[in-house]
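Q: What follows is work15.pdb; its format and atoms are PDB, C-alpha atoms and all ligand atoms.
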ATOM      1  CA  MET A   1     -21.332  -7.851   8.107
ATOM      2  CA  GLU A   2     -20.194  -4.328   8.895
ATOM      3  CA  LEU A   3     -17.130  -2.104   8.917
ATOM      4  CA  ARG A   4     -16.514  -0.226  12.156
ATOM      5  CA  LYS A   5     -14.049   2.592  12.455
ATOM      6  CA  ILE A   6     -11.291   1.988  15.010
ATOM      7  CA  ASN A   7     -12.596   2.961  18.466
ATOM      8  CA  THR A   8     -12.027   2.550  22.192
ATOM      9  CA  GLN A   9     -15.076   0.333  22.903
ATOM     10  CA  ASP A  10     -13.737  -2.485  20.685
ATOM     11  CA  ALA A  11     -10.212  -2.144  22.117
ATOM     12  CA  TYR A  12      -9.770  -5.769  23.215
ATOM     13  CA  ALA A  13     -10.773  -7.328  19.885
ATOM     14  CA  GLN A  14      -8.741  -4.744  17.963
ATOM     15  CA  TRP A  15      -5.707  -5.472  20.172
ATOM     16  CA  GLU A  16      -6.064  -9.240  19.625
ATOM     17  CA  TYR A  17      -6.061  -8.607  15.893
ATOM     18  CA  THR A  18      -3.185  -6.118  15.882
ATOM     19  CA  THR A  19      -0.902  -8.093  18.160
ATOM     20  CA  ALA A  20      -1.380 -11.262  16.077
ATOM     21  CA  LEU A  21      -0.892  -9.591  12.688
ATOM     22  CA  PRO A  22       2.607 -10.307  11.287
ATOM     23  CA  ALA A  23       5.139  -7.461  10.993
ATOM     24  CA  ASP A  24       5.029  -7.799   7.207
ATOM     25  CA  GLU A  25       2.744 -10.112   5.268
ATOM     26  CA  ASN A  26       2.774  -9.658   1.503
ATOM     27  CA  GLY A  27       3.789  -6.027   1.909
ATOM     28  CA  LEU A  28       1.107  -5.177   4.489
ATOM     29  CA  THR A  29       3.184  -3.857   7.373
ATOM     30  CA  ASN A  30       2.323  -3.812  11.080
ATOM     31  CA  PRO A  31       4.828  -2.251  13.499
ATOM     32  CA  HIS A  32       2.696  -3.352  16.474
ATOM     33  CA  THR A  33       2.936  -7.114  16.201
ATOM     34  CA  GLY A  34       3.250  -8.738  19.647
ATOM     35  CA  VAL A  35       2.348  -5.534  21.501
ATOM     36  CA  SER A  36       0.978  -6.005  25.049
ATOM     37  CA  TYR A  37      -2.614  -5.030  25.843
ATOM     38  CA  GLU A  38      -1.380  -2.299  28.229
ATOM     39  CA  GLU A  39       0.835  -0.734  25.585
ATOM     40  CA  TYR A  40      -1.950  -1.007  23.028
ATOM     41  CA  ILE A  41      -4.334   0.920  25.299
ATOM     42  CA  GLU A  42      -1.799   3.535  26.362
ATOM     43  CA  LYS A  43       0.082   4.189  23.124
ATOM     44  CA  VAL A  44      -0.892   2.206  20.050
ATOM     45  CA  LEU A  45      -4.666   2.746  20.028
ATOM     46  CA  PRO A  46      -4.497   6.542  20.561
ATOM     47  CA  THR A  47      -1.802   6.725  17.871
ATOM     48  CA  LEU A  48      -3.803   4.716  15.331
ATOM     49  CA  ILE A  49      -6.956   6.762  16.039
ATOM     50  CA  SER A  50      -4.955   9.998  15.624
ATOM     51  CA  TYR A  51      -3.833   8.994  12.114
ATOM     52  CA  GLU A  52      -7.214  10.165  10.794
ATOM     53  CA  HIS A  53      -6.321  13.725  11.863
ATOM     54  CA  PRO A  54      -2.540  13.588  12.199
ATOM     55  CA  VAL A  55      -0.819  15.849  14.716
ATOM     56  CA  ASP A  56       2.960  16.407  14.764
ATOM     57  CA  MET A  57       3.516  13.948  11.942
ATOM     58  CA  PRO A  58       6.122  14.383   9.174
ATOM     59  CA  ASP A  59       5.065  16.153   5.948
ATOM     60  CA  TRP A  60       4.928  12.918   3.968
ATOM     61  CA  PHE A  61       2.297  11.394   6.284
ATOM     62  CA  VAL A  62      -1.149  11.153   4.687
ATOM     63  CA  PRO A  63      -4.271  10.910   6.901
ATOM     64  CA  GLU A  64      -5.221   7.280   7.287
ATOM     65  CA  THR A  65      -8.328   5.712   8.827
ATOM     66  CA  TYR A  66      -8.449   2.186  10.205
ATOM     67  CA  PHE A  67     -11.608   0.102   9.928
ATOM     68  CA  TYR A  68     -12.389  -3.390  11.190
ATOM     69  CA  LEU A  69     -14.649  -5.899   9.475
ATOM     70  CA  TRP A  70     -17.089  -7.553  11.856
ATOM     71  CA  ASP A  71     -19.223 -10.623  11.190
ATOM     72  CA  ARG A  72     -21.748 -10.387  14.028
ATOM     73  CA  ASP A  73     -19.563 -10.387  17.192
ATOM     74  CA  CYS A  74     -16.363 -11.576  15.479
ATOM     75  CA  LEU A  75     -13.675  -9.187  14.231
ATOM     76  CA  VAL A  76     -12.443 -10.839  11.023
ATOM     77  CA  GLY A  77     -10.264  -8.255   9.288
ATOM     78  CA  GLU A  78      -8.686  -4.816   9.052
ATOM     79  CA  PHE A  79      -8.989  -2.267   6.244
ATOM     80  CA  ARG A  80      -6.938   0.962   6.137
ATOM     81  CA  ILE A  81      -7.797   3.912   3.910
ATOM     82  CA  ARG A  82      -5.177   6.533   3.051
ATOM     83  CA  HIS A  83      -7.126   9.657   2.233
ATOM     84  CA  HIS A  84      -5.189  10.895  -0.799
ATOM     85  CA  LEU A  85      -2.161  10.056  -2.905
ATOM     86  CA  THR A  86       1.391  11.373  -2.802
ATOM     87  CA  GLU A  87       3.956  10.511  -5.489
ATOM     88  CA  THR A  88       5.239   7.774  -3.171
ATOM     89  CA  LEU A  89       1.779   6.270  -2.617
ATOM     90  CA  LYS A  90       0.878   6.624  -6.299
ATOM     91  CA  ASN A  91       3.887   4.514  -7.269
ATOM     92  CA  GLY A  92       3.629   2.388  -4.135
ATOM     93  CA  ALA A  93       1.024   1.135  -1.686
ATOM     94  CA  GLY A  94      -1.889   3.232  -3.004
ATOM     95  CA  HIS A  95      -5.051   4.095  -1.048
ATOM     96  CA  ILE A  96      -6.065   0.870   0.710
ATOM     97  CA  GLY A  97      -4.355  -1.867   2.726
ATOM     98  CA  TYR A  98      -6.111  -4.883   4.219
ATOM     99  CA  SER A  99      -5.836  -8.256   5.870
ATOM    100  CA  ILE A 100      -8.139 -11.015   7.072
ATOM    101  CA  ARG A 101      -7.613 -13.189  10.165
ATOM    102  CA  LYS A 102      -5.664 -16.301   9.216
ATOM    103  CA  ASP A 103      -8.393 -18.740  10.342
ATOM    104  CA  LYS A 104     -11.078 -16.803   8.444
ATOM    105  CA  ARG A 105      -9.444 -16.634   5.011
ATOM    106  CA  GLY A 106     -10.968 -18.164   1.887
ATOM    107  CA  LYS A 107     -14.546 -17.522   3.052
ATOM    108  CA  GLY A 108     -15.257 -14.350   1.060
ATOM    109  CA  TYR A 109     -14.430 -11.873   3.842
ATOM    110  CA  GLY A 110     -11.634 -10.158   1.882
ATOM    111  CA  THR A 111     -13.905  -9.578  -1.115
ATOM    112  CA  GLU A 112     -16.840  -8.353   1.004
ATOM    113  CA  GLY A 113     -14.602  -6.200   3.212
ATOM    114  CA  LEU A 114     -13.018  -4.433   0.244
ATOM    115  CA  LYS A 115     -16.505  -3.832  -1.180
ATOM    116  CA  LEU A 116     -17.594  -2.085   2.024
ATOM    117  CA  THR A 117     -14.277  -0.202   2.264
ATOM    118  CA  LEU A 118     -14.589   1.073  -1.304
ATOM    119  CA  ARG A 119     -17.968   2.637  -0.501
ATOM    120  CA  ILE A 120     -16.294   4.725   2.204
ATOM    121  CA  ALA A 121     -13.072   5.356   0.270
ATOM    122  CA  LYS A 122     -14.986   6.690  -2.726
ATOM    123  CA  SER A 123     -16.399   9.475  -0.549
ATOM    124  CA  ILE A 124     -13.027  10.361   1.014
ATOM    125  CA  VAL A 125     -10.538  10.071  -1.830
ATOM    126  CA  PRO A 126     -10.292  13.074  -4.193
ATOM    127  CA  GLU A 127      -8.632  11.143  -7.043
ATOM    128  CA  ASP A 128     -10.809   9.680  -9.841
ATOM    129  CA  GLU A 129      -9.628   6.169  -9.157
ATOM    130  CA  ILE A 130      -8.749   4.067  -6.119
ATOM    131  CA  TYR A 131      -5.139   2.872  -6.373
ATOM    132  CA  LEU A 132      -4.074  -0.548  -5.110
ATOM    133  CA  ARG A 133      -0.855  -2.550  -5.187
ATOM    134  CA  VAL A 134      -0.400  -6.282  -4.809
ATOM    135  CA  ASN A 135       2.520  -8.699  -4.898
ATOM    136  CA  LYS A 136       2.572 -10.791  -8.071
ATOM    137  CA  ASP A 137       2.561 -13.981  -6.007
ATOM    138  CA  ASN A 138      -0.442 -12.924  -3.874
ATOM    139  CA  VAL A 139      -3.217 -14.479  -5.951
ATOM    140  CA  PRO A 140      -5.935 -14.318  -3.227
ATOM    141  CA  SER A 141      -5.475 -10.550  -2.885
ATOM    142  CA  GLN A 142      -5.459 -10.059  -6.662
ATOM    143  CA  LYS A 143      -8.792 -11.899  -6.756
ATOM    144  CA  VAL A 144     -10.179  -9.717  -3.955
ATOM    145  CA  MET A 145      -9.334  -6.651  -6.077
ATOM    146  CA  LEU A 146     -10.565  -8.085  -9.389
ATOM    147  CA  ASN A 147     -13.811  -9.238  -7.691
ATOM    148  CA  ASN A 148     -14.331  -5.558  -6.854
ATOM    149  CA  GLY A 149     -13.927  -4.270 -10.392
ATOM    150  CA  ALA A 150     -10.195  -3.498 -10.396
ATOM    151  CA  TYR A 151      -8.146  -3.468 -13.586
ATOM    152  CA  ILE A 152      -4.396  -3.882 -13.930
ATOM    153  CA  ALA A 153      -2.918  -0.449 -14.687
ATOM    154  CA  GLY A 154       0.768  -1.371 -14.500
ATOM    155  CA  GLU A 155       3.419  -3.572 -12.978
ATOM    156  CA  ASP A 156       7.016  -3.704 -11.818
ATOM    157  CA  LEU A 157       9.220  -6.691 -11.112
ATOM    158  CA  ASP A 158       7.333  -7.859  -8.023
ATOM    159  CA  HIS A 159       3.951  -6.065  -8.053
ATOM    160  CA  PHE A 160       0.820  -5.395 -10.031
ATOM    161  CA  PHE A 161      -0.688  -1.915  -9.724
ATOM    162  CA  LEU A 162      -4.472  -2.035  -9.928
ATOM    163  CA  ARG A 163      -7.089   0.688 -10.005
ATOM    164  CA  ILE A 164     -10.830   0.871  -9.431
ATOM    165  CA  ARG A 165     -12.841   3.655 -11.050
ATOM    166  CA  LYS A 166     -14.958   5.639  -8.634
TER     167      LYS A 166
HETATM  168  C1  LIG B 201      -5.449 -11.402   0.753
HETATM  169  C2  LIG B 201      -6.499 -11.700   1.808
HETATM  170  C3  LIG B 201      -6.991 -10.396   2.415
HETATM  171  C4  LIG B 201      -7.667 -12.408   1.120
HETATM  172  O1  LIG B 201      -8.721 -12.525   2.066
HETATM  173  P1  LIG B 201      -9.804 -13.695   1.956
HETATM  174  O2  LIG B 201     -10.850 -13.432   2.972
HETATM  175  O3  LIG B 201      -9.124 -15.014   1.996
HETATM  176  O4  LIG B 201     -10.382 -13.419   0.499
HETATM  177  P2  LIG B 201     -11.646 -14.133  -0.166
HETATM  178  O5  LIG B 201     -12.132 -15.226   0.728
HETATM  179  O6  LIG B 201     -12.574 -13.061  -0.570
HETATM  180  O7  LIG B 201     -10.985 -14.829  -1.411
HETATM  181  C5  LIG B 201     -10.681 -14.165  -2.626
HETATM  182  C6  LIG B 201     -10.301 -15.197  -3.659
HETATM  183  O8  LIG B 201      -9.043 -15.768  -3.307
HETATM  184  C7  LIG B 201      -9.177 -17.188  -3.216
HETATM  185  N1  LIG B 201      -8.320 -17.639  -2.138
HETATM  186  C8  LIG B 201      -8.394 -17.284  -0.840
HETATM  187  N2  LIG B 201      -7.416 -17.884  -0.156
HETATM  188  C9  LIG B 201      -6.731 -18.623  -1.037
HETATM  189  C10 LIG B 201      -5.602 -19.456  -0.941
HETATM  190  N3  LIG B 201      -4.954 -19.664   0.229
HETATM  191  N4  LIG B 201      -5.139 -20.051  -2.071
HETATM  192  C11 LIG B 201      -5.758 -19.843  -3.258
HETATM  193  N5  LIG B 201      -6.836 -19.042  -3.410
HETATM  194  C12 LIG B 201      -7.298 -18.455  -2.303
HETATM  195  C13 LIG B 201     -10.623 -17.434  -2.912
HETATM  196  O9  LIG B 201     -11.034 -18.729  -3.306
HETATM  197  C14 LIG B 201     -11.291 -16.356  -3.732
HETATM  198  O10 LIG B 201     -11.320 -16.781  -5.082
HETATM  199  P3  LIG B 201     -12.591 -16.431  -6.035
HETATM  200  O11 LIG B 201     -12.635 -14.945  -6.135
HETATM  201  O12 LIG B 201     -12.227 -17.108  -7.313
HETATM  202  O13 LIG B 201     -13.784 -16.999  -5.336
HETATM  203  C15 LIG B 201      -5.954 -12.626   2.930
HETATM  204  O14 LIG B 201      -5.397 -13.767   2.326
HETATM  205  C16 LIG B 201      -4.886 -11.966   3.792
HETATM  206  O15 LIG B 201      -5.183 -11.333   4.806
HETATM  207  N6  LIG B 201      -3.591 -12.118   3.402
HETATM  208  C17 LIG B 201      -2.492 -11.534   4.167
HETATM  209  C18 LIG B 201      -2.388 -10.022   4.010
HETATM  210  C19 LIG B 201      -2.427  -9.591   2.559
HETATM  211  O16 LIG B 201      -1.909 -10.261   1.672
HETATM  212  N7  LIG B 201      -3.043  -8.445   2.318
HETATM  213  C20 LIG B 201      -3.186  -7.879   0.995
HETATM  214  C21 LIG B 201      -1.969  -7.119   0.605
HETATM  215  S1  LIG B 201      -2.177  -6.457  -1.054
END
Please go through the file and, once you have read it, give me the structure as structure tokens.
Ligand SMILES: CC(C)(COP(=O)(O)OP(=O)(O)OC[C@H]1O[C@@H](n2cnc3c(N)ncnc32)[C@H](O)[C@@H]1OP(=O)(O)O)[C@@H](O)C(=O)NCCC(=O)NCCS
A:
Amino acid sequence: MELRKINTQDAYAQWEYTTALPADENGLTNPHTGVSYEEYIEKVLPTLISYEHPVDMPDWFVPETYFYLWDRDCLVGEFRIRHHLTETLKNGAGHIGYSIRKDKRGKGYGTEGLKLTLRIAKSIVPEDEIYLRVNKDNVPSQKVMLNNGAYIAGEDLDHFFLRIRK
């Protein structure tokens, strides 16, 4: 299994994943659901790649890198790393967002993918801990985090806030 940074060579598989991902699933948002392959190639892919080194983005936008989890020749999931925290991210979505293909869930990919993502995130993120947020009713994702050494640092009405020490 490996994580590959978003790239142009894997465009078709990345598009299949992106276009099928719901607009909002458990707080993981995707504005590109249902996008055509042409639009993905022309607009979406260059935009997502540019997020690592944002140009002409608003002040609040934090650099973000997209990675895809591959099991041999099958793209099974997406992991996004936001490079540092702002007040909004600290009290919100944190450093990492992820999802696994619907037909590949419950097979350990989420746990393994977060493990690989953490290795990269630990070298990018300046904070001492990796911040994560999860809906209280999203037990699979809580397990993915706890399997990777997370502890519950706080909560609000609908979410747990978890952290992983670097
Ligand atoms: C959350 C998500 C990434 C988990 O991915 P996954 O590949 O299924 O995770 P794993 O296979 O590593 O499973 C983790 C744990 O959840 C359990 N689990 C997985 N799917 C489950 C389900 N539908 N019901 C109950 N438990 C489930 C697994 O048995 C495993 O438990 P264990 O640690 O006790 O062995 C995936 O469900 C997903 O993409 N959900 C939609 C997007 C999302 O919620 N993202 C996270 C936002 S914080």
Q: For each of A:Ala13, A:Val134, A:Ile120, A:Leu48, take the minimum atom-to-atom distance to Ile81 (chain A), counting only C-alpha atoms, then give the residue where this is smallest.
A: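 The shortest atom-to-atom distance to Ile81 (chain A) comes from A:Ile120.
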Q: Select the residues contacting ligand LIG 201 (chain B) at a distance of at most 7 Å, based on all atoms listed in the file, then format the selection as number ranges by chain.
A: A: 25-28, 97-102, 104-112, 133-135, 138-141, 143-144, 147
Q: Compile the contact shell of Gln142 (chain A) as a CSV table (one decimal) with C-alpha atoms, in the coordinates of the input: residues with an atom at most 10 Å away, counting all atoms listed in the file, same-chain residues fewer than 5 positions apart removed.
A:
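Below is the file that was written, result12.csv:
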chain,number,residue,atom,x,y,z
A,132,LEU,CA,-4.1,-0.5,-5.1
A,133,ARG,CA,-0.9,-2.6,-5.2
A,134,VAL,CA,-0.4,-6.3,-4.8
A,135,ASN,CA,2.5,-8.7,-4.9
A,136,LYS,CA,2.6,-10.8,-8.1
A,137,ASP,CA,2.6,-14.0,-6.0
A,147,ASN,CA,-13.8,-9.2,-7.7
A,148,ASN,CA,-14.3,-5.6,-6.9
A,150,ALA,CA,-10.2,-3.5,-10.4
A,151,TYR,CA,-8.1,-3.5,-13.6
A,152,ILE,CA,-4.4,-3.9,-13.9
A,160,PHE,CA,0.8,-5.4,-10.0
A,161,PHE,CA,-0.7,-1.9,-9.7
A,162,LEU,CA,-4.5,-2.0,-9.9
Q: Which residues are close to region 54-65 of chain A, i.e. within 7 Å by all atoms listed in the file, leaving aside same-chain residues fewer than 2 positions away? Reply as JSON, numbers by chain.
A: {"A": [50, 51, 52, 67, 80, 81, 82, 83, 84]}
Q: For a test of reading the model, state the distance in Å between CA of Thr19 (chain A) and CA of Asp71 (chain A), rounded to one decimal.
A: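 These two atoms are separated by 19.8 Å.
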Q: Given the choices A:Lys43, A:Arg72, A:Lys5, A:His95, which gets closest to Glu127 (chain A) if the distance is worked out from all atoms listed in the file?
A: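 Of all the options, A:His95 lies closest to Glu127 (chain A).
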Q: Just how far from CA of His159 (chain A) is CA of Tyr17 (chain A), in Å to one decimal?
A: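 CA of Tyr17 (chain A) sits 26.1 Å away from CA of His159 (chain A).
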Q: Please enumerate the residues selected by the PyMOL selection byres (((chain A and resi 7) around 10) and not hetatm) when evaluated against the supplied file, formatted as a PyMOL selection string.
A: chain A and resi 4-6+8-11+14+45-46+48-49+66-68
Q: Next, dump the selected residues to file, keeping only C-alpha atoms, as a short mmCIF file (atom, residue, chain, number, x, y, z; two decimals), in the coordinates of the input.
A:
data_model
loop_
_atom_site.label_atom_id
_atom_site.label_comp_id
_atom_site.auth_asym_id
_atom_site.auth_seq_id
_atom_site.Cartn_x
_atom_site.Cartn_y
_atom_site.Cartn_z
CA ARG A 4 -16.51 -0.23 12.16
CA LYS A 5 -14.05 2.59 12.46
CA ILE A 6 -11.29 1.99 15.01
CA THR A 8 -12.03 2.55 22.19
CA GLN A 9 -15.08 0.33 22.90
CA ASP A 10 -13.74 -2.48 20.68
CA ALA A 11 -10.21 -2.14 22.12
CA GLN A 14 -8.74 -4.74 17.96
CA LEU A 45 -4.67 2.75 20.03
CA PRO A 46 -4.50 6.54 20.56
CA LEU A 48 -3.80 4.72 15.33
CA ILE A 49 -6.96 6.76 16.04
CA TYR A 66 -8.45 2.19 10.20
CA PHE A 67 -11.61 0.10 9.93
CA TYR A 68 -12.39 -3.39 11.19
#
Q: If you count all atoms listed in the file, which residues fall within 9 Å of Asn30 (chain A), apart from same-chain ones fewer than 3 positions away, as a ChimeraX atom specification?
A: /A:18-19,21-25,33
Q: How many Å separate CA of Lys122 (chain A) from CA of His32 (chain A)?
A: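 Between CA of Lys122 (chain A) and CA of His32 (chain A) the gap works out to 28.0 Å.
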Q: Can you pull out every residue within 10 Å of Val35 (chain A), counting all atoms listed in the file, but drop anything in the same chain fewer than 4 positions away, and send it as a list in words?
A: Trp15, Glu16, Thr18, Thr19, Ala20, Pro31, Glu39, Tyr40 and Val44 of chain A
Q: Determine the residue set returned by the PyMOL selection byres (((chain A and resi 119) around 12) and not hetatm) for the present structure, and present it as a list in words.
A: Glu2, Leu3, Ile81, Glu112, Gly113, Leu114, Lys115, Leu116, Thr117, Leu118, Ile120, Ala121, Lys122, Ser123, Ile124, Val125, Ile130, Asn148, Ile164, Arg165 and Lys166 of chain A
Q: Those selected residues, please, written with C-alpha atoms and delivered as an mmCIF file, keeping the file's coordinate frame.
A:
data_model
loop_
_atom_site.group_PDB
_atom_site.id
_atom_site.type_symbol
_atom_site.label_atom_id
_atom_site.label_comp_id
_atom_site.auth_asym_id
_atom_site.auth_seq_id
_atom_site.Cartn_x
_atom_site.Cartn_y
_atom_site.Cartn_z
ATOM 1 C CA GLU A 2 -20.194 -4.328 8.895
ATOM 2 C CA LEU A 3 -17.130 -2.104 8.917
ATOM 3 C CA ILE A 81 -7.797 3.912 3.910
ATOM 4 C CA GLU A 112 -16.840 -8.353 1.004
ATOM 5 C CA GLY A 113 -14.602 -6.200 3.212
ATOM 6 C CA LEU A 114 -13.018 -4.433 0.244
ATOM 7 C CA LYS A 115 -16.505 -3.832 -1.180
ATOM 8 C CA LEU A 116 -17.594 -2.085 2.024
ATOM 9 C CA THR A 117 -14.277 -0.202 2.264
ATOM 10 C CA LEU A 118 -14.589 1.073 -1.304
ATOM 11 C CA ILE A 120 -16.294 4.725 2.204
ATOM 12 C CA ALA A 121 -13.072 5.356 0.270
ATOM 13 C CA LYS A 122 -14.986 6.690 -2.726
ATOM 14 C CA SER A 123 -16.399 9.475 -0.549
ATOM 15 C CA ILE A 124 -13.027 10.361 1.014
ATOM 16 C CA VAL A 125 -10.538 10.071 -1.830
ATOM 17 C CA ILE A 130 -8.749 4.067 -6.119
ATOM 18 C CA ASN A 148 -14.331 -5.558 -6.854
ATOM 19 C CA ILE A 164 -10.830 0.871 -9.431
ATOM 20 C CA ARG A 165 -12.841 3.655 -11.050
ATOM 21 C CA LYS A 166 -14.958 5.639 -8.634
#
Q: For Leu89 (chain A), which residue among A:Tyr37, A:Tyr131, A:Glu42, A:Glu155 is the nearest when counting all atoms listed in the file?
A: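 For Leu89 (chain A), the nearest of the candidates is A:Tyr131.
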Q: Where's the centre, and what are the edge lengths in Å to one decimal, of a box along x, y and z enclosing all listed atoms of region 105-111 of chain A padded 8 Å per side, as AutoDock Vina command-line options?
A:
--center_x -12.4 --center_y -13.9 --center_z 1.9 --size_x 21.8 --size_y 24.6 --size_z 22.1
Q: Go through A:Arg163, A:Leu69, A:Thr29, A:Tyr12 one by one, measure the shortest atom-to-atom distance of each to Ile41 (chain A) using all atoms listed in the file, and give the residue with the smallest value.
A: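 Of A:Arg163, A:Leu69, A:Thr29, A:Tyr12, the one nearest Ile41 (chain A), counting all atoms listed in the file, is A:Tyr12.
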